[in-house]
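Have a look at run02.cif below; it lists mmCIF, N, CA and C atoms and all ligand atoms.
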data_model
loop_
_atom_site.label_atom_id
_atom_site.label_comp_id
_atom_site.auth_asym_id
_atom_site.auth_seq_id
_atom_site.Cartn_x
_atom_site.Cartn_y
_atom_site.Cartn_z
N MET D 1 3.61 3.83 22.75
CA MET D 1 3.22 4.24 21.39
C MET D 1 3.48 3.10 20.42
N SER D 2 2.53 2.82 19.52
CA SER D 2 2.75 1.73 18.57
C SER D 2 3.57 2.23 17.38
N HIS D 3 4.08 1.26 16.64
CA HIS D 3 4.96 1.57 15.51
C HIS D 3 4.42 0.94 14.24
N PRO D 4 4.78 1.52 13.08
CA PRO D 4 4.33 0.92 11.82
C PRO D 4 4.92 -0.48 11.64
N ARG D 5 4.13 -1.33 11.01
CA ARG D 5 4.63 -2.66 10.62
C ARG D 5 5.06 -2.57 9.17
N GLY D 6 6.16 -3.19 8.84
CA GLY D 6 6.63 -3.23 7.46
C GLY D 6 7.64 -2.15 7.15
N GLU D 7 8.02 -2.09 5.88
CA GLU D 7 9.03 -1.15 5.41
C GLU D 7 8.35 0.05 4.76
N LEU D 8 8.97 1.22 4.92
CA LEU D 8 8.44 2.42 4.26
C LEU D 8 8.55 2.22 2.75
N SER D 9 7.41 2.34 2.07
CA SER D 9 7.41 2.14 0.62
C SER D 9 7.11 3.44 -0.12
N LEU D 10 6.35 4.34 0.51
CA LEU D 10 5.95 5.57 -0.19
C LEU D 10 5.69 6.67 0.84
N ARG D 11 6.11 7.88 0.51
CA ARG D 11 5.91 9.03 1.40
C ARG D 11 5.46 10.20 0.54
N THR D 12 4.37 10.83 0.94
CA THR D 12 3.88 11.95 0.12
C THR D 12 3.10 12.94 1.00
N LEU D 13 2.59 13.97 0.34
CA LEU D 13 1.91 15.04 1.06
C LEU D 13 0.44 15.09 0.63
N ALA D 14 -0.48 15.20 1.58
CA ALA D 14 -1.91 15.31 1.26
C ALA D 14 -2.20 16.74 0.81
N MET D 15 -2.66 16.88 -0.42
CA MET D 15 -2.84 18.20 -1.04
C MET D 15 -4.33 18.60 -1.09
N PRO D 16 -4.61 19.89 -1.25
CA PRO D 16 -6.01 20.35 -1.31
C PRO D 16 -6.82 19.66 -2.41
N ALA D 17 -6.17 19.32 -3.52
CA ALA D 17 -6.91 18.68 -4.63
C ALA D 17 -7.39 17.27 -4.27
N ASP D 18 -6.91 16.71 -3.15
CA ASP D 18 -7.24 15.33 -2.78
C ASP D 18 -8.36 15.25 -1.75
N THR D 19 -9.10 16.35 -1.57
CA THR D 19 -10.13 16.36 -0.51
C THR D 19 -11.48 15.85 -1.00
N ASN D 20 -12.30 15.44 -0.03
CA ASN D 20 -13.70 15.07 -0.30
C ASN D 20 -14.58 16.27 0.07
N PRO D 21 -15.91 16.16 -0.13
CA PRO D 21 -16.77 17.32 0.15
C PRO D 21 -16.76 17.76 1.62
N ASN D 22 -16.28 16.91 2.54
CA ASN D 22 -16.18 17.31 3.96
C ASN D 22 -14.93 18.12 4.25
N GLY D 23 -14.04 18.17 3.25
CA GLY D 23 -12.79 18.90 3.47
C GLY D 23 -11.66 18.03 3.96
N ASP D 24 -11.96 16.75 4.26
CA ASP D 24 -10.90 15.82 4.64
C ASP D 24 -10.34 15.18 3.37
N ILE D 25 -9.25 14.45 3.56
CA ILE D 25 -8.67 13.77 2.39
C ILE D 25 -9.57 12.61 1.96
N PHE D 26 -9.78 12.52 0.67
CA PHE D 26 -10.66 11.53 0.04
C PHE D 26 -10.08 10.12 0.23
N GLY D 27 -10.93 9.20 0.70
CA GLY D 27 -10.48 7.83 0.95
C GLY D 27 -9.94 7.15 -0.30
N GLY D 28 -10.51 7.48 -1.45
CA GLY D 28 -10.05 6.87 -2.71
C GLY D 28 -8.62 7.27 -3.05
N TRP D 29 -8.26 8.49 -2.67
CA TRP D 29 -6.87 8.94 -2.90
C TRP D 29 -5.92 8.13 -2.01
N LEU D 30 -6.32 7.95 -0.74
CA LEU D 30 -5.47 7.16 0.18
C LEU D 30 -5.32 5.74 -0.33
N LEU D 31 -6.44 5.19 -0.79
CA LEU D 31 -6.41 3.82 -1.31
C LEU D 31 -5.46 3.71 -2.50
N SER D 32 -5.47 4.72 -3.35
CA SER D 32 -4.58 4.65 -4.52
C SER D 32 -3.11 4.78 -4.10
N GLN D 33 -2.82 5.57 -3.05
CA GLN D 33 -1.43 5.64 -2.55
C GLN D 33 -1.01 4.28 -2.01
N MET D 34 -1.95 3.62 -1.31
CA MET D 34 -1.64 2.30 -0.76
C MET D 34 -1.38 1.30 -1.88
N ASP D 35 -2.18 1.40 -2.92
CA ASP D 35 -2.03 0.48 -4.06
C ASP D 35 -0.66 0.68 -4.72
N ILE D 36 -0.26 1.95 -4.86
CA ILE D 36 1.05 2.24 -5.45
C ILE D 36 2.16 1.68 -4.54
N ALA D 37 2.02 1.92 -3.24
CA ALA D 37 3.05 1.47 -2.29
C ALA D 37 3.19 -0.06 -2.32
N GLY D 38 2.06 -0.76 -2.28
CA GLY D 38 2.10 -2.23 -2.31
C GLY D 38 2.63 -2.73 -3.64
N GLY D 39 2.24 -2.05 -4.72
CA GLY D 39 2.72 -2.45 -6.05
C GLY D 39 4.23 -2.33 -6.16
N LEU D 40 4.80 -1.27 -5.56
CA LEU D 40 6.25 -1.10 -5.60
C LEU D 40 6.93 -2.24 -4.83
N THR D 41 6.38 -2.55 -3.66
CA THR D 41 6.97 -3.63 -2.85
C THR D 41 6.84 -4.98 -3.57
N GLY D 42 5.67 -5.22 -4.16
CA GLY D 42 5.45 -6.48 -4.88
C GLY D 42 6.37 -6.62 -6.08
N LYS D 43 6.49 -5.53 -6.82
CA LYS D 43 7.33 -5.52 -8.02
C LYS D 43 8.80 -5.82 -7.66
N GLU D 44 9.24 -5.24 -6.55
CA GLU D 44 10.62 -5.51 -6.11
C GLU D 44 10.80 -6.97 -5.73
N ARG D 45 9.77 -7.55 -5.09
CA ARG D 45 9.88 -8.94 -4.63
C ARG D 45 9.92 -9.92 -5.80
N CYS D 46 9.06 -9.68 -6.82
CA CYS D 46 8.97 -10.68 -7.91
C CYS D 46 9.79 -10.27 -9.13
N ARG D 47 10.35 -9.07 -9.12
CA ARG D 47 11.16 -8.56 -10.23
C ARG D 47 10.39 -8.63 -11.56
N ALA D 48 9.15 -8.21 -11.52
CA ALA D 48 8.27 -8.22 -12.70
C ALA D 48 7.14 -7.22 -12.46
N PRO D 49 6.44 -6.84 -13.52
CA PRO D 49 5.24 -6.01 -13.29
C PRO D 49 4.22 -6.79 -12.46
N VAL D 50 3.36 -6.06 -11.77
CA VAL D 50 2.30 -6.71 -10.98
C VAL D 50 0.95 -6.08 -11.30
N ALA D 51 -0.11 -6.87 -11.11
CA ALA D 51 -1.47 -6.35 -11.22
C ALA D 51 -2.16 -6.57 -9.88
N THR D 52 -2.94 -5.60 -9.46
CA THR D 52 -3.70 -5.74 -8.21
C THR D 52 -4.91 -6.60 -8.51
N VAL D 53 -5.06 -7.70 -7.78
CA VAL D 53 -6.20 -8.59 -8.06
C VAL D 53 -7.26 -8.49 -6.96
N ALA D 54 -6.88 -8.10 -5.75
CA ALA D 54 -7.87 -8.03 -4.66
C ALA D 54 -7.43 -7.06 -3.56
N ILE D 55 -8.42 -6.48 -2.92
CA ILE D 55 -8.18 -5.62 -1.76
C ILE D 55 -9.14 -6.08 -0.67
N GLU D 56 -8.61 -6.34 0.52
CA GLU D 56 -9.48 -6.81 1.60
C GLU D 56 -9.12 -6.12 2.91
N SER D 57 -10.00 -6.25 3.87
CA SER D 57 -9.77 -5.74 5.23
C SER D 57 -9.39 -4.27 5.27
N MET D 58 -9.96 -3.48 4.36
CA MET D 58 -9.65 -2.05 4.39
C MET D 58 -10.31 -1.41 5.60
N CYS D 59 -9.57 -0.57 6.28
CA CYS D 59 -10.12 0.09 7.45
C CYS D 59 -9.58 1.53 7.52
N PHE D 60 -10.48 2.47 7.61
CA PHE D 60 -10.08 3.88 7.76
C PHE D 60 -10.28 4.25 9.23
N HIS D 61 -9.18 4.42 9.95
CA HIS D 61 -9.26 4.65 11.40
C HIS D 61 -9.48 6.11 11.76
N HIS D 62 -8.83 7.01 11.01
CA HIS D 62 -8.90 8.44 11.33
C HIS D 62 -8.93 9.25 10.03
N PRO D 63 -9.59 10.40 10.03
CA PRO D 63 -9.52 11.26 8.84
C PRO D 63 -8.12 11.85 8.69
N VAL D 64 -7.79 12.21 7.47
CA VAL D 64 -6.50 12.84 7.17
C VAL D 64 -6.79 14.26 6.69
N ALA D 65 -5.99 15.21 7.13
CA ALA D 65 -6.20 16.62 6.75
C ALA D 65 -5.16 17.05 5.72
N VAL D 66 -5.54 18.08 4.96
CA VAL D 66 -4.61 18.67 3.98
C VAL D 66 -3.33 19.10 4.70
N GLY D 67 -2.20 18.80 4.07
CA GLY D 67 -0.91 19.22 4.62
C GLY D 67 -0.24 18.16 5.45
N GLU D 68 -0.97 17.07 5.76
CA GLU D 68 -0.34 16.00 6.55
C GLU D 68 0.59 15.19 5.66
N VAL D 69 1.66 14.70 6.28
CA VAL D 69 2.60 13.84 5.56
C VAL D 69 2.12 12.40 5.72
N ILE D 70 2.00 11.73 4.58
CA ILE D 70 1.47 10.37 4.52
C ILE D 70 2.60 9.38 4.25
N CYS D 71 2.72 8.37 5.11
CA CYS D 71 3.74 7.34 4.89
C CYS D 71 3.05 5.98 4.77
N CYS D 72 3.35 5.27 3.69
CA CYS D 72 2.78 3.93 3.49
C CYS D 72 3.84 2.89 3.79
N TYR D 73 3.52 1.98 4.70
CA TYR D 73 4.43 0.89 5.08
C TYR D 73 3.86 -0.42 4.54
N ALA D 74 4.71 -1.22 3.95
CA ALA D 74 4.24 -2.46 3.32
C ALA D 74 4.99 -3.66 3.89
N GLU D 75 4.24 -4.75 4.09
CA GLU D 75 4.83 -5.99 4.61
C GLU D 75 4.23 -7.16 3.83
N ILE D 76 5.09 -7.95 3.21
CA ILE D 76 4.58 -9.12 2.47
C ILE D 76 4.20 -10.19 3.49
N VAL D 77 2.91 -10.55 3.52
CA VAL D 77 2.48 -11.52 4.54
C VAL D 77 2.37 -12.93 3.97
N LYS D 78 2.25 -13.04 2.64
CA LYS D 78 2.19 -14.38 2.05
C LYS D 78 2.64 -14.32 0.60
N VAL D 79 3.46 -15.28 0.21
CA VAL D 79 3.83 -15.42 -1.20
C VAL D 79 3.25 -16.73 -1.71
N GLY D 80 2.40 -16.64 -2.72
CA GLY D 80 1.83 -17.85 -3.33
C GLY D 80 2.64 -18.22 -4.56
N ARG D 81 2.03 -18.94 -5.49
CA ARG D 81 2.77 -19.30 -6.71
C ARG D 81 2.99 -18.05 -7.59
N THR D 82 1.87 -17.35 -7.89
CA THR D 82 1.99 -16.15 -8.72
C THR D 82 1.56 -14.88 -7.97
N SER D 83 1.04 -15.05 -6.77
CA SER D 83 0.48 -13.90 -6.05
C SER D 83 1.24 -13.58 -4.77
N MET D 84 1.05 -12.36 -4.31
CA MET D 84 1.64 -11.90 -3.05
C MET D 84 0.58 -11.11 -2.29
N ARG D 85 0.38 -11.47 -1.01
CA ARG D 85 -0.52 -10.69 -0.15
C ARG D 85 0.34 -9.71 0.62
N ILE D 86 0.00 -8.45 0.52
CA ILE D 86 0.82 -7.41 1.13
C ILE D 86 -0.04 -6.54 2.05
N ARG D 87 0.39 -6.48 3.30
CA ARG D 87 -0.33 -5.69 4.29
C ARG D 87 0.21 -4.26 4.23
N ILE D 88 -0.68 -3.30 4.11
CA ILE D 88 -0.24 -1.91 3.98
C ILE D 88 -0.88 -1.06 5.09
N GLU D 89 -0.03 -0.32 5.76
CA GLU D 89 -0.49 0.62 6.78
C GLU D 89 -0.15 2.03 6.33
N VAL D 90 -1.07 2.95 6.55
CA VAL D 90 -0.78 4.36 6.26
C VAL D 90 -0.71 5.11 7.58
N TRP D 91 0.39 5.78 7.78
CA TRP D 91 0.58 6.61 8.98
C TRP D 91 0.67 8.05 8.54
N SER D 92 0.02 8.94 9.30
CA SER D 92 0.10 10.36 8.92
C SER D 92 0.66 11.19 10.07
N GLN D 93 1.30 12.25 9.68
CA GLN D 93 1.86 13.17 10.68
C GLN D 93 1.27 14.55 10.43
N GLY D 94 0.76 15.18 11.49
CA GLY D 94 0.11 16.49 11.37
C GLY D 94 1.07 17.59 10.91
N ILE D 95 0.49 18.71 10.55
CA ILE D 95 1.28 19.82 9.99
C ILE D 95 2.18 20.43 11.06
N GLN D 96 1.65 20.53 12.30
CA GLN D 96 2.41 21.18 13.37
C GLN D 96 3.65 20.37 13.72
N TYR D 97 4.78 21.06 13.87
CA TYR D 97 6.03 20.39 14.19
C TYR D 97 5.89 19.64 15.52
N GLY D 98 6.34 18.40 15.55
CA GLY D 98 6.32 17.62 16.80
C GLY D 98 5.04 16.84 17.01
N THR D 99 4.06 16.97 16.09
CA THR D 99 2.82 16.21 16.22
C THR D 99 3.12 14.72 16.10
N GLU D 100 2.53 13.92 16.99
CA GLU D 100 2.76 12.48 16.94
C GLU D 100 2.08 11.88 15.71
N ARG D 101 2.77 10.95 15.05
CA ARG D 101 2.13 10.33 13.89
C ARG D 101 1.14 9.27 14.36
N LYS D 102 0.16 8.99 13.50
CA LYS D 102 -0.82 7.96 13.87
C LYS D 102 -1.20 7.12 12.66
N LYS D 103 -1.63 5.88 12.96
CA LYS D 103 -2.06 4.99 11.87
C LYS D 103 -3.46 5.41 11.45
N VAL D 104 -3.63 5.75 10.16
CA VAL D 104 -4.93 6.24 9.71
C VAL D 104 -5.70 5.22 8.87
N THR D 105 -4.97 4.36 8.20
CA THR D 105 -5.63 3.41 7.30
C THR D 105 -4.78 2.14 7.20
N GLU D 106 -5.45 0.99 7.01
CA GLU D 106 -4.70 -0.24 6.73
C GLU D 106 -5.54 -1.17 5.87
N GLY D 107 -4.87 -2.08 5.21
CA GLY D 107 -5.58 -3.04 4.37
C GLY D 107 -4.61 -4.08 3.83
N ILE D 108 -5.19 -5.12 3.24
CA ILE D 108 -4.37 -6.16 2.64
C ILE D 108 -4.66 -6.19 1.14
N PHE D 109 -3.61 -6.04 0.37
CA PHE D 109 -3.71 -6.00 -1.08
C PHE D 109 -3.05 -7.26 -1.65
N THR D 110 -3.67 -7.84 -2.67
CA THR D 110 -3.06 -9.00 -3.33
C THR D 110 -2.66 -8.60 -4.74
N TYR D 111 -1.40 -8.90 -5.05
CA TYR D 111 -0.84 -8.58 -6.37
C TYR D 111 -0.44 -9.87 -7.06
N VAL D 112 -0.56 -9.87 -8.38
CA VAL D 112 -0.14 -11.02 -9.17
C VAL D 112 1.01 -10.58 -10.08
N ALA D 113 2.08 -11.37 -10.09
CA ALA D 113 3.19 -11.10 -11.01
C ALA D 113 2.72 -11.44 -12.42
N ILE D 114 2.97 -10.53 -13.36
CA ILE D 114 2.49 -10.77 -14.74
C ILE D 114 3.63 -10.59 -15.76
N ASP D 115 3.42 -11.24 -16.90
CA ASP D 115 4.37 -11.06 -18.01
C ASP D 115 3.89 -9.92 -18.90
N LYS D 116 4.55 -9.76 -20.05
CA LYS D 116 4.21 -8.60 -20.89
C LYS D 116 2.84 -8.72 -21.55
N ASN D 117 2.26 -9.93 -21.52
CA ASN D 117 0.90 -10.11 -22.04
C ASN D 117 -0.17 -9.99 -20.96
N GLY D 118 0.28 -9.74 -19.72
CA GLY D 118 -0.68 -9.62 -18.62
C GLY D 118 -1.07 -10.96 -18.02
N SER D 119 -0.34 -12.02 -18.36
CA SER D 119 -0.65 -13.35 -17.80
C SER D 119 0.19 -13.61 -16.55
N PRO D 120 -0.40 -14.33 -15.56
CA PRO D 120 0.34 -14.60 -14.33
C PRO D 120 1.62 -15.39 -14.58
N ILE D 121 2.67 -15.05 -13.85
CA ILE D 121 3.93 -15.79 -13.88
C ILE D 121 4.35 -16.06 -12.43
N PRO D 122 5.16 -17.11 -12.22
CA PRO D 122 5.57 -17.40 -10.84
C PRO D 122 6.35 -16.24 -10.21
N VAL D 123 6.09 -16.03 -8.93
CA VAL D 123 6.84 -15.00 -8.20
C VAL D 123 8.31 -15.40 -8.15
N ASP D 124 8.56 -16.65 -7.81
CA ASP D 124 9.93 -17.17 -7.78
C ASP D 124 10.12 -18.05 -9.01
N ARG D 125 10.99 -17.64 -9.89
CA ARG D 125 11.17 -18.36 -11.15
C ARG D 125 12.61 -18.24 -11.60
N GLU D 126 13.00 -19.15 -12.49
CA GLU D 126 14.32 -19.08 -13.10
C GLU D 126 14.30 -17.95 -14.12
N GLU D 127 15.28 -17.05 -14.05
CA GLU D 127 15.35 -16.00 -15.08
C GLU D 127 15.95 -16.60 -16.35
N SER D 128 15.36 -16.26 -17.53
CA SER D 128 15.92 -16.80 -18.78
C SER D 128 16.97 -15.85 -19.32
C1 LIG Q 1 -4.53 -10.45 -12.05
C2 LIG Q 1 -4.85 -11.39 -13.23
C3 LIG Q 1 -3.70 -11.27 -14.26
C4 LIG Q 1 -4.87 -12.80 -12.69
O1 LIG Q 1 -5.22 -13.63 -13.76
P1 LIG Q 1 -6.11 -14.95 -13.51
O2 LIG Q 1 -6.31 -15.61 -14.79
O3 LIG Q 1 -7.27 -14.57 -12.67
O4 LIG Q 1 -5.06 -15.81 -12.69
P2 LIG Q 1 -5.28 -17.02 -11.72
O5 LIG Q 1 -6.70 -17.45 -11.56
O6 LIG Q 1 -4.26 -18.04 -12.16
O7 LIG Q 1 -4.81 -16.42 -10.31
C5 LIG Q 1 -3.51 -15.90 -10.16
C6 LIG Q 1 -3.24 -15.75 -8.68
O8 LIG Q 1 -4.10 -14.74 -8.17
C7 LIG Q 1 -4.85 -15.27 -7.07
N1 LIG Q 1 -6.17 -14.66 -7.11
C8 LIG Q 1 -7.01 -14.61 -8.17
N2 LIG Q 1 -8.14 -13.97 -7.80
C9 LIG Q 1 -7.98 -13.61 -6.51
C10 LIG Q 1 -8.79 -12.92 -5.57
N3 LIG Q 1 -10.01 -12.48 -5.88
N4 LIG Q 1 -8.32 -12.74 -4.32
C11 LIG Q 1 -7.10 -13.17 -3.98
N5 LIG Q 1 -6.27 -13.83 -4.82
C12 LIG Q 1 -6.72 -14.05 -6.07
C13 LIG Q 1 -4.92 -16.76 -7.31
O9 LIG Q 1 -5.16 -17.44 -6.08
C14 LIG Q 1 -3.53 -17.01 -7.86
O10 LIG Q 1 -2.58 -17.00 -6.81
P3 LIG Q 1 -1.40 -18.13 -6.69
O11 LIG Q 1 -0.80 -18.34 -8.06
O12 LIG Q 1 -0.39 -17.50 -5.77
O13 LIG Q 1 -2.01 -19.35 -6.14
C15 LIG Q 1 -6.22 -11.04 -13.92
O14 LIG Q 1 -7.26 -11.41 -13.01
C16 LIG Q 1 -6.34 -9.57 -14.23
O15 LIG Q 1 -5.72 -9.06 -15.17
N6 LIG Q 1 -7.15 -8.83 -13.42
C17 LIG Q 1 -7.27 -7.39 -13.58
C18 LIG Q 1 -6.14 -6.70 -12.84
C19 LIG Q 1 -6.30 -5.19 -12.86
O16 LIG Q 1 -6.69 -4.61 -13.85
N7 LIG Q 1 -6.00 -4.57 -11.70
C20 LIG Q 1 -6.17 -3.16 -11.52
C21 LIG Q 1 -5.03 -2.36 -12.06
S1 LIG Q 1 -3.42 -2.97 -11.64
#

Would you put the structure from the file into structure tokens?
Amino acid sequence: MSHPRGELSLRTLAMPADTNPNGDIFGGWLLSQMDIAGGLTGKERCRAPVATVAIESMCFHHPVAVGEVICCYAEIVKVGRTSMRIRIEVWSQGIQYGTERKKVTEGIFTYVAIDKNGSPIPVDREES
């Protein structure tokens, strides 16, 4: 059995309000959970607010059903001057007790550390 890569950043429950017309969980909702999870990890790394500048390699492997527990794992794969590339995997666990969890979605998100004016600042910098 494979395991999640990265650290658990966010855990939540897929609710009926998050469904698409097929009755499965809406991909946009999953993407927003991933964005929140990566943003939290990025913010901790650079100790500043972050803005999402790019999303790449998004892949939806399996549908998610209402009631499943969603866990977002984040791993910083590259730190640039002002940006961080963060790989995010979403694993879900079915409603039934003992159901094996599976990787449902993954992608790479790039965040930029920003100051209070929204301008990029170095990830690693001297604190004033
Ligand atoms: C994020 C933002 C502040 C960056 O400002 P900018 O003037 O484009 O900054 P720069 O061109 O100096 O790029 C900053 C960093 O982002 C990287 N970057 C910019 N565009 C990128 C892209 N399309 N893909 C990947 N990285 C990108 C640059 O390579 C640079 O990284 P580095 O400093 O580690 O080398 C600005 O583009 C912005 O505000 N975008 C909107 C963000 C937003 O609203 N997001 C959604 C809600 S959070």

Near-ligand residues for ligand LIG 1 (chain Q), threshold 6 Å, only C-alpha atoms and all ligand atoms, as a PDB file with N, CA and C atoms, in the frame of the given file:
ATOM      1  N   ALA D  51      -0.110  -6.870 -11.110  1.00  0.00           N
ATOM      2  CA  ALA D  51      -1.470  -6.350 -11.220  1.00  0.00           C
ATOM      3  C   ALA D  51      -2.160  -6.570  -9.880  1.00  0.00           C
ATOM      4  N   THR D  52      -2.940  -5.600  -9.460  1.00  0.00           N
ATOM      5  CA  THR D  52      -3.700  -5.740  -8.210  1.00  0.00           C
ATOM      6  C   THR D  52      -4.910  -6.600  -8.510  1.00  0.00           C
ATOM      7  N   VAL D  53      -5.060  -7.700  -7.780  1.00  0.00           N
ATOM      8  CA  VAL D  53      -6.200  -8.590  -8.060  1.00  0.00           C
ATOM      9  C   VAL D  53      -7.260  -8.490  -6.960  1.00  0.00           C
ATOM     10  N   ALA D  54      -6.880  -8.100  -5.750  1.00  0.00           N
ATOM     11  CA  ALA D  54      -7.870  -8.030  -4.660  1.00  0.00           C
ATOM     12  C   ALA D  54      -7.430  -7.060  -3.560  1.00  0.00           C
ATOM     13  N   GLY D  80       2.400 -16.640  -2.720  1.00  0.00           N
ATOM     14  CA  GLY D  80       1.830 -17.850  -3.330  1.00  0.00           C
ATOM     15  C   GLY D  80       2.640 -18.220  -4.560  1.00  0.00           C
ATOM     16  N   ARG D  81       2.030 -18.940  -5.490  1.00  0.00           N
ATOM     17  CA  ARG D  81       2.770 -19.300  -6.710  1.00  0.00           C
ATOM     18  C   ARG D  81       2.990 -18.050  -7.590  1.00  0.00           C
ATOM     19  N   THR D  82       1.870 -17.350  -7.890  1.00  0.00           N
ATOM     20  CA  THR D  82       1.990 -16.150  -8.720  1.00  0.00           C
ATOM     21  C   THR D  82       1.560 -14.880  -7.970  1.00  0.00           C
ATOM     22  N   SER D  83       1.040 -15.050  -6.770  1.00  0.00           N
ATOM     23  CA  SER D  83       0.480 -13.900  -6.050  1.00  0.00           C
ATOM     24  C   SER D  83       1.240 -13.580  -4.770  1.00  0.00           C
ATOM     25  N   THR D 110      -3.670  -7.840  -2.670  1.00  0.00           N
ATOM     26  CA  THR D 110      -3.060  -9.000  -3.330  1.00  0.00           C
ATOM     27  C   THR D 110      -2.660  -8.600  -4.740  1.00  0.00           C
ATOM     28  N   VAL D 112      -0.560  -9.870  -8.380  1.00  0.00           N
ATOM     29  CA  VAL D 112      -0.140 -11.020  -9.170  1.00  0.00           C
ATOM     30  C   VAL D 112       1.010 -10.580 -10.080  1.00  0.00           C
ATOM     31  N   GLY D 118       0.280  -9.740 -19.720  1.00  0.00           N
ATOM     32  CA  GLY D 118      -0.680  -9.620 -18.620  1.00  0.00           C
ATOM     33  C   GLY D 118      -1.070 -10.960 -18.020  1.00  0.00           C
ATOM     34  N   SER D 119      -0.340 -12.020 -18.360  1.00  0.00           N
ATOM     35  CA  SER D 119      -0.650 -13.350 -17.800  1.00  0.00           C
ATOM     36  C   SER D 119       0.190 -13.610 -16.550  1.00  0.00           C
ATOM     37  N   PRO D 120      -0.400 -14.330 -15.560  1.00  0.00           N
ATOM     38  CA  PRO D 120       0.340 -14.600 -14.330  1.00  0.00           C
ATOM     39  C   PRO D 120       1.620 -15.390 -14.580  1.00  0.00           C
TER      40      PRO D 120
END

Next item on the list: Select from region 32-72 of chain D everything DSSP, run on the backbone, classes as alpha helix (DSSP H), then give the selection as a ChimeraX atom specification.
Entry: /D:32-46

Margin query: I need the strand (DSSP E) residues of chain D per DSSP on the backbone, written as a PyMOL selection string.
Written below: chain D and resi 7-13+50-60+69-79+83-93+102-113

Notebook entry, point to check: For Tyr73 (chain D), which residue out of D:Arg47, D:Ser57, D:Gly38, D:Val123 is the nearest one, using all atoms listed in the file?
Noted result: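 Between D:Arg47, D:Ser57, D:Gly38, D:Val123, the residue approaching Tyr73 (chain D) most closely is D:Gly38.
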
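Remark: for Glu7 (chain D), the closest of the candidate residues D:Trp29, D:Ile70, D:Asn22, D:Ile88 is D:Ile88 (distances computed over only C-alpha atoms).
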
How big is the axis-aligned box, and where does its centre sit, when it encloses all atoms of region 105-112 of chain D listed in the file and has 6 Å added on every side, reported in Å to one decimal as AutoDock Vina command-line options?
--center_x -2.3 --center_y -3.3 --center_z -0.9 --size_x 18.6 --size_y 27.4 --size_z 30.3
